[in-house]
Amino acid sequence: MTQTWKKVAAVSVSAVMLAGALASCDGSAVSSIDHENPVLTVQTKAFNADSAANDSPVVQALNEYLGATLQFSWVPNTSYDEKVTTAMAAGEYPHIMLVGARSSSVIQASRDDTFWDLTDVLTDSAKYPNLAQTNPVVNHNISIDGQVYGLYRSRELGRAGVTIRKDWLDNLGLEIPTTIDEFSNVLKQFTEGDPDGNGVKDTYGMIVTDYLDGPLNNLAIWMGAPNGWGLDENGELKPAFMFQEFKDTLKLMKEWYDAGYINADMATYSSDKWNEQFLTGQAGVIIDVADRARRVASNIAELNPNAVVDVFGYVKKDADTDPRTLPTTGYDGYFVFPKASVATEEDLDLVLTVMDKANDAEAENLMNYGIEGIHYTVEDGFAVKNTDDALVKEYNDLNQFATNIVANGLTTKYAVPVAEKIDQVYAENKNWVVANPVEPYISETYSTKGPQLDAIMAEANTKFIVGQISEADWDAQVERWLSQGGQGVIDDYNEAYKDDDSVQ
Amino acid sequence: MISIKRRSIGDIIGDVIIYAIVTLLAVLMVIPFLYVIAASFAKESEIQTRPIFFIPDNPTLDAYKEVFNPRGMGPTVLRSLLISLGVTAVGTLINLFCTTTMAYGLSRPKLIGKKPLLNMVLLTMVFGGGMIPLFLVVKGLGMYDTYAALILPGAISAYNMLIVRNFFIELPKELEEAASIDGCTEIGIFAKIALPLSMPILATFGLFYAVGHWNNYFGALMYLNDSKKYPFQLVLRNLVMQTQDNSTSMDELPPEDTLKMAVIVIGTVPILCVYPFLQKHFAAGVMVGAVKG
Amino acid sequence: MAKAQKVKLSPEEKAEISRKRKAQLFRDRWVYLLLLPGFLYFIIFKIVPMWGILIAFKDYYPTSHFFGSGFTKNWIGLDNFINFLTDSSFWQLLRNTLIISGMNILFFFPLPIILALLLNEMKVQWYKKAAQTLVYVPHFVSMVVIASITFMLVKTPSSATQSGGALYEIVKKLTGKEMQALGGGWAIYWVLLIQNVWKETGWGTIIFLAALAGVDVEQYEAAIVDGANRFQQLIYITLPAITGTIVTMFILRMGSVLDTGFEQIILMQNTLNRQNSETFDTYVYQYGRVEGNYGYTTAISLFKSIISIICIQTANRLAKKAGQAGLF
């Protein structure tokens, strides 16, 4: 037996040698792109089964405008991170690669000098007039150790919003709530005041799902808690749940839960079914992103033509406090330019020039709507899409390549009336967003223990609201969070904060 | 299998119980799938509001029309179905060839080197290098972005191979001896005697492998770059898996449930159709015993 | 594994043995040819990538180079293992993994055998075939669908005036208890087990049905002549005939005693049951495949492998002690 194992070991060792020979080596500093007829490979997310083909007329038109031939590699969104992580490990790099969240692998890769550092390049407004307009706050958010390694895909900052049954408010003689107390009253009336007027007490206020963090964090911001992390009285960064305002929010939600304003099964209610009880007329409020109202409105019309869906961005703690709203990070992934495929600075310049041009209105319109006159027409300054599937699929998912740093392309008109309201909510929210101060910082402790730590507090919050644990138990969970690595995270962030020139 | 002339009361009661249990189980197991089929023909609003149903109120083909829409994703879906069929067919043949030849070889008694080889196989069942080294091998062999990458790295399942080997070991020795006296080489015995006698095993593992290929999206996700080469499961996984979770980072709305259900039905039916064709080979297994006696 | 007696051999005897070996090798040349494709496969796709195991001893991320310049860097010995084994969540992960997998072995493993035996007793061929086909169906239903059907069945009421899912209501009527299937506690284990039983029992019968198809018909006929009843036929003919297959399947199953898969569990997870449902596989999926902490998660996988090899060896030895052929 031992002998056979030895033989196996011998075979394995020689195999390792062979594998060594197979493994690829680092690239050299010779240009890797043909500057006459540049061909650039792009890896980004696909949300559709049939993303635009590389030979589609829209891609051709885009190529012509950008002065480069783009070769798209569409990776299904549901498994995107797995693919990127593995491909990076195998040294399989496109010229332009979208990375999602700042996972440990992306952070490590950036530190290993895998991607071009764009910190000083992006500011060159003579060379890249569009890219120079990247938002410093968002750049700060995506930075790693103070360096910017990518070009973010810009997203709405003030995306939070509350979807609500306007006809129920009208039936009850209520207005859109503007303060926490009014909001509380709406939930109460939706539960007890028979808002659908059918004479039966068969409705409740707000649907909360197993994704408690969404509604909870929005509420906490309204109540005055910091976004994610905040400075305490000693000028130290502490997680939001260590602030009294957060605890007050939990208590408020518990009150609502106990009174039946929130669905009793919130802890196990799958977030996939978030809209369901709204659509069936059993509940009338959802706190999430404002654009949820659009989907809800178009689905509810079919079921209940009398239902009216409305949306608003926030409520204030009191009538005389300033509004506060929970922002997104302002980006949805960012494009990196791996040195393995974009070898020299001249190559990088070429790629960035293409990315810069892609922010021109003409390119943005191509990516979002296709070719004017074929795929869309312009009416009253709005793009009106031709909905023929054969045309739509010629530019399907191309918007996943758009960075929208300078959003100067056309906008489109939606069919449901609430859609315009959503845009107003975005615009209004933007003035009142509360930034997360630790967004750009990297905590070593968090990158190894993050999911575990998050799980501790998610569990404690849920259990407190549904009454499985007392306030003292919840405090004990905060202690557990601290002892299982939370203190390390606090230390990491405070250290990073002290070193951060941009805030001092 | 055998006709019994005298049937006792106990036999009849036994039969009744057995048939009742199996029928109940079969129904229980198929009910959820019936719901999936019903939902694929229903309107989205019905799925959203009715908890469970087997006959939709307003049956519609909308979901199927959308999946197969010749102007929309239809061509992509059909192409990926063809790719899946091709990969499944070729892959399964290669699987069966490699698995049976190796299993047969390892089933021979007193073969020099059998023990280390078997130990090597067992070693690989428990220890693995993980995804990255395999990715490098696939890339190093020039198989990246080719269909070979979907087939060769999984050519043999050690698990299946060992079970097939056990079947070969239990084959009657007499036949082989007769054949080798007739001047057959081991390859001859393998092809002319061992394989025909193990049709049920071939059918079983052929089915296992085929289902594995049909359902595999992960290989395609890792090793294919060109989305035109994507097999069915990968193309449509996005539709089925997309949820409304983490809506803060998602700017696309997930597809409707009825579309998800239709996609599941389309993905399941072809492989279900294969089964009855294989089923007749299971009966052939009786022969093995007949020879033995 | 009987070892040959150690006797001093004369040179002639040694030459004789070597001659015999050569003759044997030559005699089996065609067998070796048959073995070649499989042998190459295992070397190229299984043995060569095994260098990846060494990642467990490094501080390794996707872009760390393993070969070349990076080869000598970042070796951290057993740190990954120590970190994992002393991590506060280790015992919880081990406990959950063992419960989920143990329940599967205890309750799920025998079911396909029983169902196969039942199907085997059915004499009406068309009915038997139809039943077989139907019980296979769940195997093809994707986990996402099974999860959403489960949510529907065990749903608890959202408000006092609503009713819950079908199963919730039935349990409430029968026992008066409000079943929290997806809440904390042991409930989640039963949910996972039942999903597995539902999905894989029918499919699992295939291998046993194939084994049953090989049982000698004449044996039954002889037994009937001897007056054996149905149950006796089952005990003395059918079961012994498939014991080999059962043992093989069991030993193989023991090799994956720490495998729980991740997709099913992740779909059923929520904040209330996470403490009970987080397993090695879900942990490795999140930290390794998605996040890219390869060094750490490779160490976890290696730990799992060592446990499986112990289990598989033990099961094999026990099988041999019990007079079975075993796997190797």
# chains A, B, ... in the order shown; residues from 1 in each chain; ligands from 1
call {"tool": "closest_atom_pairs", "arguments": {"of": "chain C", "to": "chain B", "cutoff": "7 Å", "atoms": "only C-alpha atoms", "output": "tab-separated table"}}
result
residue	atom	partner	partner_atom	distance
C:Leu25	CA	B:Ile112	CA	7.0
C:Trp30	CA	B:Glu186	CA	5.9
C:Val31	CA	B:Gly105	CA	5.4
C:Tyr32	CA	B:Gly105	CA	7.0
C:Leu34	CA	B:Thr101	CA	5.1
C:Leu35	CA	B:Met102	CA	4.7
C:Pro37	CA	B:Cys98	CA	6.0
C:Gly38	CA	B:Met102	CA	5.3
C:Phe45	CA	B:Pro153	CA	5.9
C:Lys46	CA	B:Thr124	CA	6.1
C:Pro49	CA	B:Pro133	CA	4.7
C:Met50	CA	B:Gly129	CA	4.1
C:Trp51	CA	B:Gly129	CA	6.1
C:Gly52	CA	B:Gly129	CA	4.1
C:Ile53	CA	B:Gly129	CA	5.0
C:Leu118	CA	B:Ile18	CA	6.2
C:Lys123	CA	B:Met1	CA	6.3
C:Ala131	CA	B:Ala26	CA	5.8
C:Leu134	CA	B:Ala26	CA	5.6
C:Val135	CA	B:Ala26	CA	5.2
C:Val137	CA	B:Val30	CA	6.5
C:Pro138	CA	B:Met29	CA	6.2
C:Phe140	CA	B:Thr268	CA	6.0
C:Met152	CA	B:Pro51	CA	6.8
C:Trp198	CA	B:Met29	CA	6.4
C:Ile206	CA	B:Thr204	CA	6.8
C:Ile207	CA	B:Thr204	CA	6.9
C:Ala210	CA	B:Pro200	CA	5.9
C:Ala213	CA	B:Gly285	CA	5.1
C:Gly214	CA	B:Gly285	CA	5.2
C:Val215	CA	B:Gly289	CA	5.5
C:Asp216	CA	B:Gly289	CA	4.0
C:Val217	CA	B:Gly289	CA	6.8
C:Ser305	CA	B:Val126	CA	5.3
C:Ser308	CA	B:Val126	CA	6.5
C:Ile309	CA	B:Val126	CA	6.3
call {"tool": "residues_around", "arguments": {"residues": "region 169-185 of chain A", "least_positions_apart": "6", "cutoff": "9 Å", "atoms": "only C-alpha atoms", "output": "PyMOL selection string"}}
result
chain A and resi 193-197+219+222-223+256+261+310-312+314-319
call {"tool": "interface_residues", "arguments": {"of": "chain A", "to": "chain C", "cutoff": "7 Å", "atoms": "only C-alpha atoms", "output": "list of chain:residue names"}}
result
A:Ser12, A:Ala15, A:Val16, A:Ala19, A:Gly20, A:Asp81, A:Glu82, A:Thr85, A:Met88, A:Ala89, A:Ser103, A:Ser104, A:Ser105, A:Gln108, A:Ala109, A:Asp202, A:Asp210, A:Gly260, A:Asn263, A:Ala264, A:Asp265, A:Ala267, A:Thr268, A:Ala455, A:Ala458, A:Glu459
call {"tool": "write_last_selection", "arguments": {"atoms": "N, CA and C atoms", "output": "mmCIF file, in the first residue's frame"}}
result
data_model
loop_
_atom_site.group_PDB
_atom_site.id
_atom_site.type_symbol
_atom_site.label_atom_id
_atom_site.label_comp_id
_atom_site.auth_asym_id
_atom_site.auth_seq_id
_atom_site.Cartn_x
_atom_site.Cartn_y
_atom_site.Cartn_z
ATOM 1 N N SER A 12 2.581 12.257 -9.442
ATOM 2 C CA SER A 12 2.045 13.592 -9.203
ATOM 3 C C SER A 12 3.124 14.651 -9.322
ATOM 4 N N ALA A 15 3.972 15.333 -12.705
ATOM 5 C CA ALA A 15 2.853 16.059 -13.311
ATOM 6 C C ALA A 15 2.918 17.540 -12.974
ATOM 7 N N VAL A 16 3.323 17.833 -11.742
ATOM 8 C CA VAL A 16 3.446 19.225 -11.333
ATOM 9 C C VAL A 16 4.465 19.949 -12.213
ATOM 10 N N ALA A 19 2.911 20.710 -15.408
ATOM 11 C CA ALA A 19 1.984 21.825 -15.274
ATOM 12 C C ALA A 19 2.743 23.144 -15.256
ATOM 13 N N GLY A 20 3.912 23.129 -14.609
ATOM 14 C CA GLY A 20 4.731 24.325 -14.572
ATOM 15 C C GLY A 20 5.066 24.797 -15.972
ATOM 16 N N ASP A 81 -19.266 37.071 -11.228
ATOM 17 C CA ASP A 81 -18.093 37.150 -10.353
ATOM 18 C C ASP A 81 -17.253 35.872 -10.381
ATOM 19 N N GLU A 82 -17.945 34.734 -10.453
ATOM 20 C CA GLU A 82 -17.214 33.465 -10.511
ATOM 21 C C GLU A 82 -16.323 33.414 -11.742
ATOM 22 N N THR A 85 -13.309 35.851 -11.383
ATOM 23 C CA THR A 85 -12.325 35.358 -10.424
ATOM 24 C C THR A 85 -11.476 34.257 -11.049
ATOM 25 N N MET A 88 -9.248 35.481 -14.034
ATOM 26 C CA MET A 88 -8.087 36.233 -13.556
ATOM 27 C C MET A 88 -7.016 35.269 -13.064
ATOM 28 N N ALA A 89 -7.464 34.236 -12.351
ATOM 29 C CA ALA A 89 -6.508 33.264 -11.818
ATOM 30 C C ALA A 89 -5.771 32.560 -12.943
ATOM 31 N N SER A 103 -14.315 42.628 -4.581
ATOM 32 C CA SER A 103 -14.077 41.403 -3.830
ATOM 33 C C SER A 103 -12.609 41.333 -3.445
ATOM 34 N N SER A 104 -12.272 40.402 -2.560
ATOM 35 C CA SER A 104 -10.875 40.291 -2.139
ATOM 36 C C SER A 104 -9.961 40.070 -3.326
ATOM 37 N N SER A 105 -10.466 39.311 -4.320
ATOM 38 C CA SER A 105 -9.593 39.029 -5.458
ATOM 39 C C SER A 105 -9.304 40.287 -6.260
ATOM 40 N N GLN A 108 -6.822 42.377 -4.235
ATOM 41 C CA GLN A 108 -5.490 41.798 -4.285
ATOM 42 C C GLN A 108 -4.845 42.016 -5.654
ATOM 43 N N ALA A 109 -5.666 41.807 -6.696
ATOM 44 C CA ALA A 109 -5.149 41.986 -8.053
ATOM 45 C C ALA A 109 -4.678 43.418 -8.263
ATOM 46 N N ASP A 202 -58.668 43.238 6.026
ATOM 47 C CA ASP A 202 -57.844 42.207 5.399
ATOM 48 C C ASP A 202 -56.598 42.798 4.738
ATOM 49 N N ASP A 210 -37.124 38.939 3.670
ATOM 50 C CA ASP A 210 -35.924 38.454 4.364
ATOM 51 C C ASP A 210 -34.710 39.332 4.040
ATOM 52 N N GLY A 260 -48.880 44.615 13.865
ATOM 53 C CA GLY A 260 -49.392 43.990 12.649
ATOM 54 C C GLY A 260 -49.316 44.877 11.425
ATOM 55 N N ASN A 263 -45.805 42.557 7.692
ATOM 56 C CA ASN A 263 -46.181 41.151 7.582
ATOM 57 C C ASN A 263 -45.506 40.299 8.653
ATOM 58 N N ALA A 264 -46.294 39.415 9.263
ATOM 59 C CA ALA A 264 -45.807 38.608 10.384
ATOM 60 C C ALA A 264 -44.687 37.666 9.963
ATOM 61 N N ASP A 265 -44.636 37.309 8.682
ATOM 62 C CA ASP A 265 -43.636 36.334 8.226
ATOM 63 C C ASP A 265 -42.441 37.012 7.560
ATOM 64 N N ALA A 267 -39.446 37.550 8.313
ATOM 65 C CA ALA A 267 -38.112 36.938 8.405
ATOM 66 C C ALA A 267 -37.911 35.848 7.357
ATOM 67 N N THR A 268 -38.996 35.208 6.954
ATOM 68 C CA THR A 268 -38.868 34.103 6.007
ATOM 69 C C THR A 268 -39.506 34.421 4.662
ATOM 70 N N ALA A 455 -23.682 38.663 8.948
ATOM 71 C CA ALA A 455 -24.734 37.702 9.309
ATOM 72 C C ALA A 455 -25.120 37.842 10.777
ATOM 73 N N ALA A 458 -27.385 40.908 11.012
ATOM 74 C CA ALA A 458 -28.648 40.697 10.284
ATOM 75 C C ALA A 458 -29.570 39.813 11.110
ATOM 76 N N GLU A 459 -28.982 38.783 11.710
ATOM 77 C CA GLU A 459 -29.774 37.861 12.505
ATOM 78 C C GLU A 459 -30.313 38.556 13.753
#
call {"tool": "interface_residues", "arguments": {"of": "chain A", "to": "chain B", "cutoff": "7 Å", "atoms": "only C-alpha atoms", "output": "compact mmCIF listing (two decimals) with N, CA, C and O atoms, in the first residue's frame"}}
result
# COMPACT_ATOMS: atom_id res chain seq x y z
N THR A 4 2.51 1.82 -3.30
CA THR A 4 1.68 2.37 -4.38
C THR A 4 1.48 3.86 -4.19
O THR A 4 1.51 4.62 -5.14
N VAL A 8 2.24 6.88 -6.73
CA VAL A 8 1.27 7.93 -7.09
C VAL A 8 1.91 9.30 -6.85
O VAL A 8 1.81 10.21 -7.67
N LEU A 22 3.31 24.25 -18.52
CA LEU A 22 2.10 24.70 -19.20
C LEU A 22 1.69 26.11 -18.80
O LEU A 22 1.08 26.83 -19.58
N ALA A 23 2.01 26.45 -17.56
CA ALA A 23 1.53 27.73 -17.06
C ALA A 23 2.16 28.89 -17.82
O ALA A 23 3.32 28.86 -18.20
N PHE A 47 -27.57 40.39 -19.57
CA PHE A 47 -28.82 40.15 -18.88
C PHE A 47 -29.82 39.43 -19.77
O PHE A 47 -30.83 38.96 -19.32
N ALA A 49 -30.78 36.63 -23.07
CA ALA A 49 -30.34 35.38 -23.67
C ALA A 49 -29.61 35.66 -24.98
O ALA A 49 -28.70 34.94 -25.37
N ASP A 50 -30.00 36.69 -25.68
CA ASP A 50 -29.40 36.99 -26.98
C ASP A 50 -28.80 38.40 -26.99
O ASP A 50 -29.42 39.33 -27.48
N SER A 73 -17.47 39.83 -25.15
CA SER A 73 -17.63 38.52 -24.54
C SER A 73 -18.68 38.69 -23.45
O SER A 73 -18.46 39.36 -22.45
N TRP A 74 -19.85 38.13 -23.70
CA TRP A 74 -20.98 38.36 -22.79
C TRP A 74 -21.02 37.26 -21.73
O TRP A 74 -21.20 36.10 -22.05
N PRO A 76 -23.03 35.75 -18.50
CA PRO A 76 -24.32 35.88 -17.82
C PRO A 76 -24.17 36.51 -16.43
O PRO A 76 -23.29 36.14 -15.66
N ASN A 77 -25.03 37.46 -16.16
CA ASN A 77 -24.95 38.22 -14.93
C ASN A 77 -24.95 37.36 -13.68
O ASN A 77 -24.21 37.63 -12.74
N THR A 78 -25.74 36.27 -13.69
CA THR A 78 -25.90 35.49 -12.46
C THR A 78 -24.60 34.83 -12.01
O THR A 78 -24.47 34.45 -10.87
N LYS A 83 -16.89 33.84 -12.86
CA LYS A 83 -16.13 33.80 -14.11
C LYS A 83 -14.91 34.72 -14.03
O LYS A 83 -13.81 34.35 -14.41
N THR A 86 -12.13 33.31 -11.72
CA THR A 86 -11.40 32.19 -12.30
C THR A 86 -10.54 32.64 -13.48
O THR A 86 -9.39 32.23 -13.61
N ALA A 89 -7.46 34.24 -12.35
CA ALA A 89 -6.51 33.26 -11.82
C ALA A 89 -5.77 32.56 -12.94
O ALA A 89 -4.61 32.20 -12.82
N ALA A 90 -6.44 32.37 -14.06
CA ALA A 90 -5.82 31.66 -15.17
C ALA A 90 -5.11 32.61 -16.12
O ALA A 90 -4.60 32.20 -17.16
N SER A 271 -37.57 37.58 -0.82
CA SER A 271 -37.60 38.89 -1.48
C SER A 271 -37.99 38.77 -2.96
O SER A 271 -38.33 39.77 -3.58
N ASP A 272 -37.93 37.56 -3.53
CA ASP A 272 -38.41 37.37 -4.91
C ASP A 272 -39.89 37.73 -5.02
O ASP A 272 -40.38 38.05 -6.09
N GLU A 276 -45.61 40.68 -4.59
CA GLU A 276 -46.82 39.87 -4.68
C GLU A 276 -47.99 40.41 -3.87
O GLU A 276 -49.09 40.62 -4.39
N THR A 280 -51.64 42.01 -5.04
CA THR A 280 -52.91 41.40 -4.72
C THR A 280 -53.73 42.24 -3.76
O THR A 280 -54.76 41.81 -3.26
N VAL A 289 -36.07 50.62 -3.84
CA VAL A 289 -35.61 51.63 -4.79
C VAL A 289 -36.83 52.19 -5.50
O VAL A 289 -37.84 51.50 -5.67
N LEU A 303 -54.31 43.62 -12.99
CA LEU A 303 -55.05 42.94 -11.94
C LEU A 303 -56.16 43.80 -11.37
O LEU A 303 -57.24 43.32 -11.04
N THR A 328 -27.07 55.12 -3.20
CA THR A 328 -26.34 53.95 -3.66
C THR A 328 -24.86 54.33 -3.66
O THR A 328 -24.50 55.45 -3.31
N ASP A 332 -22.03 50.94 -10.62
CA ASP A 332 -22.37 49.53 -10.69
C ASP A 332 -21.21 48.84 -11.38
O ASP A 332 -21.18 48.68 -12.59
N ASP A 389 -38.68 42.97 -31.90
CA ASP A 389 -37.64 42.18 -31.24
C ASP A 389 -36.39 42.00 -32.09
O ASP A 389 -35.28 41.96 -31.59
N ALA A 390 -36.62 41.87 -33.39
CA ALA A 390 -35.48 41.64 -34.28
C ALA A 390 -34.54 42.84 -34.25
O ALA A 390 -33.33 42.69 -34.41
N LYS A 393 -32.78 43.20 -30.47
CA LYS A 393 -31.68 42.31 -30.13
C LYS A 393 -30.37 42.71 -30.82
O LYS A 393 -29.32 42.17 -30.48
call {"tool": "select_by_dssp", "arguments": {"residues": "region 253-282 of chain C", "states": "alpha helix (DSSP H)", "output": "ChimeraX atom specification"}}
result
/C:253-255,263-268,274-277,280-282
call {"tool": "residues_around", "arguments": {"residues": "Leu209 (chain C)", "least_positions_apart": "5", "cutoff": "8 Å", "atoms": "only C-alpha atoms", "output": "PyMOL selection string"}}
result
chain C and resi 116-117+120
call {"tool": "write_last_selection", "arguments": {"atoms": "all heavy atoms", "output": "tab-separated table (two decimals), in the first residue's frame"}}
result
chain	number	residue	atom	x	y	z
C	116	ALA	N	-36.86	0.94	-5.52
C	116	ALA	CA	-36.46	0.06	-6.61
C	116	ALA	C	-37.02	-1.33	-6.38
C	116	ALA	O	-37.51	-1.99	-7.32
C	116	ALA	CB	-34.94	0.01	-6.72
C	117	LEU	N	-36.99	-1.80	-5.14
C	117	LEU	CA	-37.53	-3.13	-4.84
C	117	LEU	C	-39.03	-3.17	-5.09
C	117	LEU	O	-39.56	-4.13	-5.64
C	117	LEU	CB	-37.23	-3.51	-3.39
C	117	LEU	CG	-35.75	-3.79	-3.08
C	117	LEU	CD1	-35.53	-3.97	-1.59
C	117	LEU	CD2	-35.27	-5.01	-3.85
C	120	ASN	N	-39.64	-3.26	-8.73
C	120	ASN	CA	-39.24	-4.56	-9.23
C	120	ASN	C	-40.33	-5.60	-9.03
C	120	ASN	O	-40.43	-6.57	-9.76
C	120	ASN	CB	-37.96	-4.99	-8.52
C	120	ASN	CG	-37.30	-6.16	-9.21
C	120	ASN	OD1	-37.13	-6.12	-10.42
C	120	ASN	ND2	-36.94	-7.18	-8.46
call {"tool": "atom_distance", "arguments": {"atom1": "CA of Leu391 (chain A)", "atom2": "CA of Thr377 (chain A)"}}
result
12.9 Å
call {"tool": "residues_around", "arguments": {"residues": "Gln484 (chain A)", "least_positions_apart": "5", "cutoff": "12 Å", "atoms": "only C-alpha atoms", "output": "VMD selection string"}}
result
(chain A and resid 445 to 446 448 to 457 477 to 479 489 to 490) or (chain C and resid 86 to 89)
call {"tool": "residues_around", "arguments": {"residues": "Arg295 (chain A)", "least_positions_apart": "3", "cutoff": "12 Å", "atoms": "only C-alpha atoms", "output": "PyMOL selection string"}}
result
(chain A and resi 163+274-276+278-279+289-292+298-302+309-311+414-419+422) or (chain B and resi 244+252-256)
call {"tool": "closest_residue", "arguments": {"among": "A:Asp349, A:Glu444, A:Asp473, A:Asp423", "to": "His35 (chain A)", "atoms": "only C-alpha atoms"}}
result
A:Asp349
call {"tool": "atom_distance", "arguments": {"atom1": "CA of Gly86 (chain B)", "atom2": "CA of Phe68 (chain B)"}}
result
19.5 Å
call {"tool": "atom_distance", "arguments": {"atom1": "CA of Ala166 (chain C)", "atom2": "CA of Ala38 (chain B)"}}
result
18.1 Å
